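Visitor: This one is coords.txt, compact mmCIF, C-alpha atoms and all ligand atoms.
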```txt
# COMPACT_ATOMS: atom_id res chain seq x y z
CA MET A 1 98.80 23.01 130.14
CA ASN A 2 97.77 19.64 131.58
CA THR A 3 100.77 18.75 133.75
CA SER A 4 99.71 15.12 134.14
CA LYS A 5 100.71 14.48 130.55
CA HIS A 6 104.26 13.63 129.46
CA THR A 7 105.77 16.57 127.60
CA VAL A 8 107.08 16.08 124.06
CA VAL A 9 109.17 18.36 121.88
CA ILE A 10 109.22 17.44 118.20
CA VAL A 11 112.57 17.97 116.50
CA GLY A 12 111.99 18.28 112.77
CA TYR A 13 108.56 19.84 112.22
CA GLY A 14 108.16 18.82 108.59
CA GLY A 15 105.70 16.36 107.06
CA MET A 16 105.96 13.65 109.70
CA GLY A 17 106.70 16.01 112.60
CA SER A 18 103.44 17.87 112.05
CA TYR A 19 101.60 14.56 111.55
CA HIS A 20 102.93 13.43 114.94
CA ALA A 21 101.66 16.64 116.51
CA GLY A 22 98.16 15.78 115.25
CA LEU A 23 98.40 12.18 116.50
CA ILE A 24 99.62 13.23 119.92
CA ARG A 25 96.82 15.78 120.21
CA GLU A 26 94.45 12.79 120.26
CA ASN A 27 96.45 11.00 122.97
CA ASP A 28 95.63 11.58 126.62
CA ARG A 29 99.03 10.54 128.01
CA LEU A 30 101.38 12.73 125.94
CA GLU A 31 101.34 16.39 125.02
CA VAL A 32 103.39 18.33 122.47
CA THR A 33 104.70 21.47 124.18
CA GLY A 34 107.01 22.70 121.45
CA THR A 35 109.01 22.01 118.33
CA TYR A 36 112.43 22.75 116.94
CA ASP A 37 113.20 22.98 113.23
CA LEU A 38 116.12 24.42 111.29
CA LEU A 39 113.83 26.15 108.80
CA GLU A 40 112.24 29.50 109.58
CA GLU A 41 109.06 28.59 107.66
CA ARG A 42 108.59 25.43 109.73
CA ARG A 43 109.12 27.43 112.94
CA ALA A 44 106.42 29.82 111.81
CA ALA A 45 104.14 26.84 111.00
CA SER A 46 104.71 25.52 114.52
CA VAL A 47 103.77 28.83 116.14
CA GLU A 48 100.73 29.07 113.92
CA ALA A 49 99.66 25.59 115.03
CA GLY A 50 99.96 26.72 118.65
CA TYR A 51 103.28 25.13 119.60
CA ARG A 52 106.23 27.00 121.05
CA SER A 53 109.13 27.08 118.58
CA TYR A 54 112.50 26.68 120.31
CA ALA A 55 115.28 28.89 118.96
CA SER A 56 117.91 26.16 119.16
CA PHE A 57 118.26 22.48 119.96
CA GLU A 58 120.35 23.42 123.01
CA GLU A 59 117.37 25.35 124.32
CA VAL A 60 115.30 22.13 124.09
CA LEU A 61 118.02 20.14 125.87
CA ASP A 62 118.31 22.77 128.64
CA ASP A 63 114.56 22.86 129.26
CA SER A 64 113.97 20.57 132.24
CA ALA A 65 110.23 20.63 131.54
CA VAL A 66 110.81 18.57 128.37
CA GLU A 67 110.58 14.83 129.09
CA ILE A 68 110.55 13.40 125.57
CA VAL A 69 112.27 14.37 122.34
CA LEU A 70 110.54 13.04 119.23
CA ILE A 71 112.90 12.99 116.24
CA ALA A 72 111.30 13.51 112.82
CA THR A 73 114.25 14.90 110.88
CA PRO A 74 115.89 13.34 107.81
CA ASN A 75 117.63 10.07 108.65
CA ASP A 76 121.26 11.20 108.69
CA VAL A 77 120.85 13.32 111.83
CA HIS A 78 118.75 10.91 113.93
CA LYS A 79 121.82 9.55 115.72
CA GLU A 80 123.37 12.83 116.84
CA ILE A 81 120.04 14.30 117.94
CA ALA A 82 119.07 11.13 119.84
CA ILE A 83 122.39 10.84 121.65
CA GLN A 84 122.38 14.48 122.72
CA ALA A 85 118.78 14.20 123.93
CA LEU A 86 119.47 11.00 125.87
CA GLN A 87 122.58 12.52 127.46
CA ALA A 88 120.47 15.49 128.51
CA GLY A 89 118.15 13.07 130.34
CA LYS A 90 115.30 13.02 127.81
CA HIS A 91 113.45 9.93 126.60
CA VAL A 92 113.51 9.59 122.83
CA ILE A 93 111.02 8.54 120.20
CA CYS A 94 112.86 8.25 116.91
CA GLU A 95 111.41 8.02 113.44
CA LYS A 96 112.30 5.13 111.18
CA PRO A 97 114.78 4.15 109.88
CA VAL A 98 116.33 4.69 113.30
CA ALA A 99 119.78 5.28 111.85
CA MET A 100 121.96 5.03 108.77
CA SER A 101 123.49 1.73 109.93
CA SER A 102 123.39 -0.88 112.67
CA ASP A 103 126.63 0.59 114.09
CA GLU A 104 125.01 3.99 114.46
CA PHE A 105 122.01 2.41 116.17
CA LYS A 106 124.31 0.59 118.59
CA GLU A 107 125.83 3.95 119.58
CA MET A 108 122.34 5.25 120.25
CA LEU A 109 121.51 2.17 122.33
CA ALA A 110 124.69 2.63 124.36
CA ALA A 111 123.73 6.25 125.05
CA ALA A 112 120.24 5.18 126.15
CA GLY A 113 121.72 2.53 128.42
CA GLU A 114 124.21 4.95 130.00
CA ALA A 115 121.56 7.61 130.54
CA GLY A 116 118.95 5.13 131.80
CA ARG A 117 116.44 6.60 129.38
CA THR A 118 114.00 5.00 126.92
CA LEU A 119 114.73 5.01 123.20
CA MET A 120 111.88 3.67 121.09
CA VAL A 121 111.57 3.65 117.31
CA HIS A 122 108.35 4.66 115.61
CA GLN A 123 107.72 1.47 113.61
CA ASN A 124 104.09 2.49 113.36
CA ARG A 125 103.19 0.16 110.50
CA ARG A 126 103.05 -2.75 112.93
CA TRP A 127 99.63 -1.27 113.69
CA ASP A 128 98.50 -1.19 110.03
CA GLU A 129 95.29 -3.17 109.70
CA ASP A 130 96.27 -4.90 106.44
CA PHE A 131 99.42 -6.21 108.12
CA ARG A 132 97.55 -7.31 111.25
CA VAL A 133 95.07 -9.27 109.11
CA ILE A 134 97.96 -11.17 107.53
CA LYS A 135 99.55 -11.64 110.96
CA GLN A 136 96.27 -13.09 112.21
CA MET A 137 96.20 -15.54 109.29
CA TYR A 138 99.82 -16.49 109.97
CA ASP A 139 99.33 -16.95 113.73
CA LYS A 140 95.98 -18.79 113.45
CA GLU A 141 96.84 -20.76 110.31
CA THR A 142 93.60 -19.59 108.64
CA ILE A 143 94.86 -20.84 105.26
CA GLY A 144 96.94 -23.62 106.78
CA SER A 145 100.61 -23.23 107.39
CA LEU A 146 101.75 -20.11 105.55
CA PHE A 147 104.78 -20.80 103.38
CA GLN A 148 104.94 -18.00 100.80
CA LEU A 149 104.30 -14.34 101.32
CA GLU A 150 104.51 -11.37 98.99
CA SER A 151 104.42 -7.92 100.58
CA ARG A 152 104.45 -5.00 98.18
CA VAL A 153 103.86 -1.30 97.93
CA HIS A 154 103.66 0.21 94.47
CA GLY A 155 103.46 3.89 93.58
CA ALA A 156 103.90 5.87 90.37
CA ASN A 157 105.17 9.18 91.77
CA GLY A 158 108.89 8.45 91.89
CA ILE A 159 110.85 9.35 95.02
CA PRO A 160 109.13 12.23 96.83
CA GLY A 161 110.66 15.35 98.38
CA ASP A 162 114.28 16.43 98.49
CA TRP A 163 116.50 14.62 101.01
CA ARG A 164 115.02 11.21 100.04
CA HIS A 165 117.03 11.54 96.79
CA VAL A 166 120.33 11.97 98.64
CA LYS A 167 122.37 8.97 99.74
CA GLU A 168 124.23 10.88 102.47
CA GLN A 169 120.94 11.81 104.09
CA GLY A 170 119.64 8.25 104.12
CA GLY A 171 117.49 8.52 101.01
CA GLY A 172 116.19 5.70 98.85
CA MET A 173 113.24 3.37 99.11
CA LEU A 174 114.88 0.50 100.99
CA LEU A 175 115.47 2.83 103.94
CA ASP A 176 112.14 4.59 103.48
CA TRP A 177 109.38 2.04 102.82
CA GLY A 178 111.60 -1.04 102.98
CA VAL A 179 112.21 -0.61 106.69
CA HIS A 180 108.44 -0.72 107.34
CA LEU A 181 107.80 -3.87 105.30
CA LEU A 182 110.83 -5.65 106.73
CA ASP A 183 109.89 -4.65 110.28
CA GLN A 184 106.40 -6.11 109.76
CA LEU A 185 107.88 -9.29 108.34
CA LEU A 186 110.32 -9.93 111.18
CA PHE A 187 107.74 -8.94 113.81
CA MET A 188 105.44 -11.63 112.37
CA ILE A 189 107.88 -14.43 111.56
CA ASP A 190 109.88 -15.56 114.53
CA SER A 191 112.42 -17.72 112.73
CA ARG A 192 116.08 -17.59 111.72
CA ILE A 193 116.83 -16.10 108.31
CA THR A 194 118.67 -18.60 106.17
CA SER A 195 119.16 -16.61 102.97
CA VAL A 196 118.69 -13.16 101.47
CA SER A 197 118.78 -12.15 97.82
CA SER A 198 117.81 -8.82 96.32
CA SER A 199 118.02 -6.29 93.56
CA LEU A 200 117.66 -2.52 93.75
CA SER A 201 116.18 -0.40 90.96
CA PHE A 202 117.59 2.91 89.70
CA ILE A 203 115.05 3.53 86.93
CA LEU A 204 114.79 7.25 87.69
CA GLY A 205 118.55 7.77 87.56
CA ASN A 206 118.99 8.86 91.18
CA GLU A 207 122.01 7.98 93.31
CA VAL A 208 119.64 6.11 95.64
CA ASP A 209 117.34 3.19 94.90
CA ASP A 210 113.84 4.06 93.69
CA GLY A 211 112.69 0.56 94.60
CA PHE A 212 113.86 -2.92 95.39
CA GLU A 213 112.94 -6.58 95.52
CA ALA A 214 114.21 -8.86 98.27
CA VAL A 215 113.63 -12.56 98.80
CA ILE A 216 114.09 -13.72 102.38
CA GLN A 217 114.06 -17.38 103.30
CA PHE A 218 113.32 -18.37 106.90
CA GLU A 219 114.36 -21.57 108.66
CA ASN A 220 110.70 -22.47 109.38
CA GLY A 221 110.06 -22.79 105.62
CA VAL A 222 108.49 -19.37 104.96
CA LYS A 223 109.75 -17.57 101.88
CA ALA A 224 108.99 -13.86 101.73
CA MET A 225 109.19 -11.54 98.75
CA VAL A 226 109.27 -7.88 99.71
CA GLU A 227 108.99 -5.26 97.00
CA VAL A 228 108.82 -1.48 96.84
CA GLY A 229 108.29 0.30 93.54
CA THR A 230 107.82 3.96 92.71
CA THR A 231 107.38 3.63 88.93
CA ASN A 232 104.42 1.24 88.93
CA PHE A 233 101.54 2.80 87.00
CA ILE A 234 99.53 -0.33 87.70
CA SER A 235 99.86 -1.70 91.24
CA LEU A 236 100.02 -5.35 92.22
CA PRO A 237 98.17 -6.34 95.41
CA ARG A 238 99.55 -5.15 98.76
CA TRP A 239 99.66 -8.78 99.99
CA TYR A 240 99.54 -12.17 98.29
CA VAL A 241 100.07 -15.12 100.62
CA LYS A 242 99.92 -18.87 100.21
CA GLY A 243 99.32 -21.49 102.87
CA SER A 244 99.09 -25.25 102.79
CA GLU A 245 95.26 -25.01 102.62
CA GLY A 246 94.62 -21.85 100.65
CA THR A 247 95.57 -18.47 99.26
CA ALA A 248 94.82 -14.93 100.45
CA VAL A 249 95.01 -11.55 98.81
CA ILE A 250 94.71 -8.00 100.12
CA GLU A 251 94.54 -5.59 97.23
CA ASP A 252 94.82 -2.19 98.88
CA TRP A 253 94.81 -0.04 102.04
CA SER A 254 91.01 -0.30 102.19
CA LEU A 255 91.41 -4.03 102.79
CA THR A 256 89.71 -5.17 99.62
CA GLY A 257 90.53 -8.85 99.67
CA ARG A 258 89.53 -12.44 100.30
CA TYR A 259 90.89 -15.84 101.01
CA VAL A 260 90.14 -19.07 99.23
CA THR A 261 90.66 -22.49 100.79
CA ARG A 262 90.29 -26.06 99.68
CA ASN A 263 86.78 -27.39 100.46
CA ASN A 264 87.53 -30.64 102.23
CA GLU A 265 83.81 -31.47 102.43
CA GLY A 266 83.04 -30.65 98.79
CA VAL A 267 82.57 -33.19 96.04
CA ARG A 268 85.86 -33.50 94.21
CA VAL A 269 85.45 -33.40 90.47
CA GLU A 270 88.38 -33.47 88.06
CA PRO A 271 88.65 -29.99 86.50
CA LYS A 272 87.77 -29.91 82.83
CA PRO A 273 90.50 -28.83 80.40
CA ILE A 274 90.10 -25.28 79.15
CA ARG A 275 91.47 -23.43 76.18
CA ALA A 276 94.13 -21.02 77.41
CA GLY A 277 95.67 -18.80 74.77
CA VAL A 278 96.23 -21.02 71.81
CA GLY A 279 96.66 -24.12 73.95
CA LEU A 280 94.71 -26.51 76.15
CA THR A 281 95.25 -26.97 79.89
CA LYS A 282 93.77 -28.92 82.77
CA THR A 283 96.48 -27.82 85.23
CA MET A 284 95.49 -24.16 84.99
CA ALA A 285 91.73 -24.70 84.67
CA PRO A 286 89.66 -23.17 87.51
CA PRO A 287 88.84 -25.68 90.28
CA SER A 288 85.47 -27.36 89.87
CA GLU A 289 82.43 -25.84 91.55
CA GLY A 290 82.39 -26.72 95.26
CA ALA A 291 86.10 -27.56 95.36
CA THR A 292 86.96 -24.30 97.10
CA ILE A 293 85.46 -21.91 99.63
CA THR A 294 85.87 -18.13 99.34
CA GLU A 295 85.74 -16.15 102.58
CA ALA A 296 85.99 -12.54 103.69
CA LEU A 297 89.25 -11.56 105.36
CA PRO A 298 89.40 -12.31 109.09
CA ALA A 299 89.55 -9.63 111.78
CA ALA A 300 93.00 -8.19 112.36
CA ALA A 301 95.31 -9.42 115.14
CA GLU A 302 95.21 -7.01 118.09
CA LEU A 303 98.22 -5.28 119.62
CA PRO A 304 98.05 -4.57 123.37
CA SER A 305 98.01 -0.78 123.00
CA SER A 306 98.73 2.09 120.64
CA PHE A 307 102.31 3.17 119.97
CA PHE A 308 102.05 6.29 122.11
CA ASP A 309 100.19 4.62 125.00
CA ASN A 310 102.81 1.87 124.99
CA PHE A 311 105.57 4.49 125.06
CA ALA A 312 103.92 6.20 128.05
CA ASP A 313 103.64 2.80 129.80
CA VAL A 314 107.30 2.03 129.08
CA ILE A 315 108.62 5.28 130.56
CA GLU A 316 106.32 4.81 133.56
CA GLY A 317 107.81 1.31 133.95
CA THR A 318 104.51 -0.55 133.59
CA ALA A 319 104.99 -2.31 130.23
CA GLU A 320 107.56 -3.72 127.87
CA PRO A 321 107.99 -1.89 124.55
CA ILE A 322 105.98 -3.34 121.68
CA VAL A 323 108.72 -2.14 119.34
CA LYS A 324 111.78 -3.72 120.93
CA ASN A 325 115.23 -2.35 120.13
CA ALA A 326 116.62 -5.84 119.52
CA GLU A 327 113.99 -6.25 116.78
CA VAL A 328 114.87 -2.89 115.26
CA LEU A 329 118.54 -3.88 115.25
CA ARG A 330 117.73 -7.13 113.44
CA VAL A 331 115.83 -5.19 110.77
CA GLN A 332 118.79 -2.83 110.43
CA HIS A 333 121.03 -5.88 109.87
CA LEU A 334 118.60 -7.25 107.30
CA ILE A 335 118.70 -3.95 105.41
CA GLU A 336 122.49 -4.19 105.36
CA ALA A 337 122.27 -7.76 104.03
CA ILE A 338 119.83 -6.63 101.31
CA PHE A 339 122.19 -3.83 100.22
CA ALA A 340 125.12 -6.28 100.20
CA ALA A 341 123.21 -8.97 98.27
CA ALA A 342 122.24 -6.43 95.60
CA GLU A 343 125.69 -4.90 95.35
CA LYS A 344 127.50 -8.24 95.08
CA ASN A 345 124.70 -9.90 93.12
CA GLU A 346 124.99 -12.79 95.55
CA VAL A 347 122.67 -14.78 97.78
CA ILE A 348 123.58 -14.02 101.40
CA LYS A 349 123.60 -17.35 103.19
CA ASN A 350 125.41 -16.25 106.33
CA PHE A 351 122.87 -13.77 107.70
CA ASP A 352 123.79 -14.84 111.25
CA LEU A 353 127.18 -13.20 110.66
CA TYR A 354 125.41 -9.88 110.10
CA THR A 355 123.46 -10.11 113.34
CA SER A 356 126.48 -11.17 115.38
CA LYS A 357 128.90 -8.50 114.13
P1 LIG B 1 110.49 16.41 105.90
O1 LIG B 1 111.57 16.83 104.98
O2 LIG B 1 109.07 16.69 105.53
O3 LIG B 1 110.72 17.06 107.34
C1 LIG B 1 111.96 17.05 107.98
C2 LIG B 1 112.08 18.34 108.80
O4 LIG B 1 113.26 18.25 109.59
C3 LIG B 1 112.22 19.59 107.92
O5 LIG B 1 111.27 20.55 108.33
C4 LIG B 1 113.65 20.05 108.18
O6 LIG B 1 113.81 21.44 108.12
C5 LIG B 1 113.90 19.52 109.58
N1 LIG B 1 115.30 19.33 109.93
C6 LIG B 1 116.31 18.85 109.17
N2 LIG B 1 117.44 18.73 109.88
C7 LIG B 1 117.15 19.18 111.14
C8 LIG B 1 117.90 19.33 112.33
N3 LIG B 1 119.19 18.97 112.39
N4 LIG B 1 117.28 19.82 113.41
C9 LIG B 1 115.98 20.20 113.38
N5 LIG B 1 115.21 20.06 112.26
C10 LIG B 1 115.79 19.57 111.17
O7 LIG B 1 110.71 14.85 106.14
P2 LIG B 1 109.61 13.81 106.64
O8 LIG B 1 108.95 13.18 105.48
O9 LIG B 1 108.77 14.43 107.70
O10 LIG B 1 110.55 12.69 107.29
C11 LIG B 1 111.15 12.90 108.55
C12 LIG B 1 111.42 11.56 109.22
O11 LIG B 1 110.18 10.89 109.42
C13 LIG B 1 112.29 10.61 108.40
O12 LIG B 1 113.11 9.87 109.26
C14 LIG B 1 111.27 9.70 107.72
O13 LIG B 1 111.80 8.44 107.39
C15 LIG B 1 110.21 9.60 108.80
N6 LIG B 1 108.85 9.30 108.30
C16 LIG B 1 108.17 8.33 108.91
C17 LIG B 1 106.91 8.00 108.49
C18 LIG B 1 106.15 6.91 109.20
O14 LIG B 1 105.05 6.57 108.80
N7 LIG B 1 106.70 6.37 110.27
C19 LIG B 1 106.31 8.70 107.41
C20 LIG B 1 107.05 9.73 106.82
C21 LIG B 1 108.32 10.02 107.27
```
Now that the file is in, can you turn its structure into structure tokens?
Guide:
Amino acid sequence: MNTSKHTVVIVGYGGMGSYHAGLIRENDRLEVTGTYDLLEERRAASVEAGYRSYASFEEVLDDSAVEIVLIATPNDVHKEIAIQALQAGKHVICEKPVAMSSDEFKEMLAAAGEAGRTLMVHQNRRWDEDFRVIKQMYDKETIGSLFQLESRVHGANGIPGDWRHVKEQGGGMLLDWGVHLLDQLLFMIDSRITSVSSSLSFILGNEVDDGFEAVIQFENGVKAMVEVGTTNFISLPRWYVKGSEGTAVIEDWSLTGRYVTRNNEGVRVEPKPIRAGVGLTKTMAPPSEGATITEALPAAAELPSSFFDNFADVIEGTAEPIVKNAEVLRVQHLIEAIFAAAEKNEVIKNFDLYTSK
């Protein structure tokens, strides 16, 4: 074992836990030394992959060689596992959504503060290239000042797995994919939220939402539509954004996309009316040749380091976290506002009350 690496035990060696093990294998600052899972078959999978399988969580807590506990269990047990790990002197990486509610997260933060240990949430989709391209366009005003943004993920497989169907375990798509899209949004747009409206879908007849739509208005004028769907047999683009000078689209994870801006140097010709359906329109006619410029998507905005390198820097005291707990808490509050807006069928105009409670 390379003792210069920070030691990690993964609690919950399921889909994401084993994915983490693979990611950390490629990292030269952290090393997975073991796992703990409730299920015998997952313990066997851990041993087969070459990781020690702890017999109990207490055994992990008692092992002074373990510096970091990485939590990749279903959402309902994140809080209790995190608090116990922090109280045992471990640093914690916790999967998203960090907790079932903002109150639970505050308990976790208090435990981290009391123990003087780092708690960082794996909001890994801040590193997604499609998001960082949009962030670049927002920051650099590539299509002018961005004022409308649609961020979607569409699937046609329904809600996957088992616990994601169960409300008590933190199932549903708002907590699953929603937390990623909302985290990206608030990481990008540094402005007060002035209103939130939403609706959840229950097309599949589960007790948890199989998708949702939320409209979030920011004080700086940006309006964002965030949508997750699991019954979409035809997908809409991942991103559709409008700025004062143009429009951009990213279709998919492979970054198929483009942006189109007004050509300020081009010769302006009145568009000719076209037949549209059974009618005639000039308003919806394509712009005349030369009136617009189509460009390839710009390079993505850079983040200072990878999630795991940043975590290593944070526990070594040499960097600030890229995923800040105050940001995670704000997202947690936004999720609560989205649930409330849908349940009451109301526009939430007092979002500041959620963040200050
Ligand atoms: P999963 O069902 O595949 O795995 C969960 C594992 O945790 C199972 O093996 C289960 O036996 C184990 N487990 C349950 N309770 C436990 C306990 N008290 N102690 C120890 N082990 C326990 O679920 P998953 O898809 O891997 O999701 C796990 C977490 O990872 C969730 O919080 C989910 O939201 C998150 N996740 C994040 C991403 C991402 O990209 N960041 C992707 C997928 C999942």
Visitor: Would you kindly return, as an MDAnalysis selection string, each protein, DNA or RNA residue with an atom no farther than 7 Å from any atom of stretch 320-327 of chain A, considering only C-alpha atoms and excluding same-chain residues fewer than 5 positions away?
Guide: chainID A and resid 120:121 123 310:311 314
Visitor: For A:Lys344, which of A:Ser197, A:Ser145, A:Ser101, A:Thr73 is the closest residue, counting only C-alpha atoms?
Guide: A:Ser197
Visitor: Enumerate residues in contact with ligand LIG 1 (chain B): an atom-to-atom distance of at most 8 Å, counting all atoms listed in the file. Format the result as a count of residues only.
Guide: 37
Visitor: Give as a ChimeraX atom specification the set of residues within 10 Å of the point (116.0, 11.6, 95.2), where distances use the file's coordinates and only C-alpha atoms.
Guide: /A:158-167,171-173,204-210
Visitor: Suppose you want the space between atom CA of A:Asp183 and atom CA of A:Val328; what is it in Å?
Guide: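 So the two atoms, atom CA of A:Asp183 and atom CA of A:Val328, lie 7.3 Å apart.
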Visitor: Can you sort out the box for stretch 121-133 of chain A, edges along x, y and z, all listed atoms in, 5 Å on every side, with centre and edge lengths in Å to one decimal, as lines of an AutoDock Vina configuration file?
Guide:
```
center_x = 103.3
center_y = -2.3
center_z = 111.9
size_x = 26.5
size_y = 23.9
size_z = 20.9
```
Visitor: For atom CA of A:Arg258 and atom CA of A:Asn232, quote the distance in Å rounded to one decimal.
Guide: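 Atom CA of A:Asn232 lies at a distance of 23.2 Å from atom CA of A:Arg258.
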Visitor: Find the distance between atom CA of A:Asp252 and atom CA of A:Arg238 and write it in Å to one decimal.
Guide: 5.6 Å
Visitor: Which residue, A:Tyr354, A:Phe187, A:Tyr19, A:Phe105, has the smallest gap to A:Leu334 when you use all atoms listed in the file?
Guide: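 Answer, going by the shortest atom-to-atom distance: A:Tyr354.
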Visitor: Leaving out A:Arg268 and any residue of its chain fewer than 5 positions from it, which residues lie within 10 Å of it when counting only C-alpha atoms, given as JSON, numbers by chain?
Guide: {"A": [263, 287, 288, 289, 290, 291, 292]}
Visitor: Within 9 Å of (107.0, 13.9, 125.1) in the file's own coordinates, which protein, DNA or RNA residues have an atom, counting all atoms listed in the file? List them as a ChimeraX atom specification.
Guide: /A:5-10,30-33,66-70,90-93,312
Visitor: Selection from above, C-alpha atoms, as an mmCIF file, keeping the file's coordinate frame, can you write it?
Guide:
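Written file, out_33.cif:
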```
data_model
loop_
_atom_site.group_PDB
_atom_site.id
_atom_site.type_symbol
_atom_site.label_atom_id
_atom_site.label_comp_id
_atom_site.auth_asym_id
_atom_site.auth_seq_id
_atom_site.Cartn_x
_atom_site.Cartn_y
_atom_site.Cartn_z
ATOM 1 C CA LYS A 5 100.710 14.480 130.550
ATOM 2 C CA HIS A 6 104.260 13.630 129.460
ATOM 3 C CA THR A 7 105.770 16.570 127.600
ATOM 4 C CA VAL A 8 107.080 16.080 124.060
ATOM 5 C CA VAL A 9 109.170 18.360 121.880
ATOM 6 C CA ILE A 10 109.220 17.440 118.200
ATOM 7 C CA LEU A 30 101.380 12.730 125.940
ATOM 8 C CA GLU A 31 101.340 16.390 125.020
ATOM 9 C CA VAL A 32 103.390 18.330 122.470
ATOM 10 C CA THR A 33 104.700 21.470 124.180
ATOM 11 C CA VAL A 66 110.810 18.570 128.370
ATOM 12 C CA GLU A 67 110.580 14.830 129.090
ATOM 13 C CA ILE A 68 110.550 13.400 125.570
ATOM 14 C CA VAL A 69 112.270 14.370 122.340
ATOM 15 C CA LEU A 70 110.540 13.040 119.230
ATOM 16 C CA LYS A 90 115.300 13.020 127.810
ATOM 17 C CA HIS A 91 113.450 9.930 126.600
ATOM 18 C CA VAL A 92 113.510 9.590 122.830
ATOM 19 C CA ILE A 93 111.020 8.540 120.200
ATOM 20 C CA ALA A 312 103.920 6.200 128.050
#
```
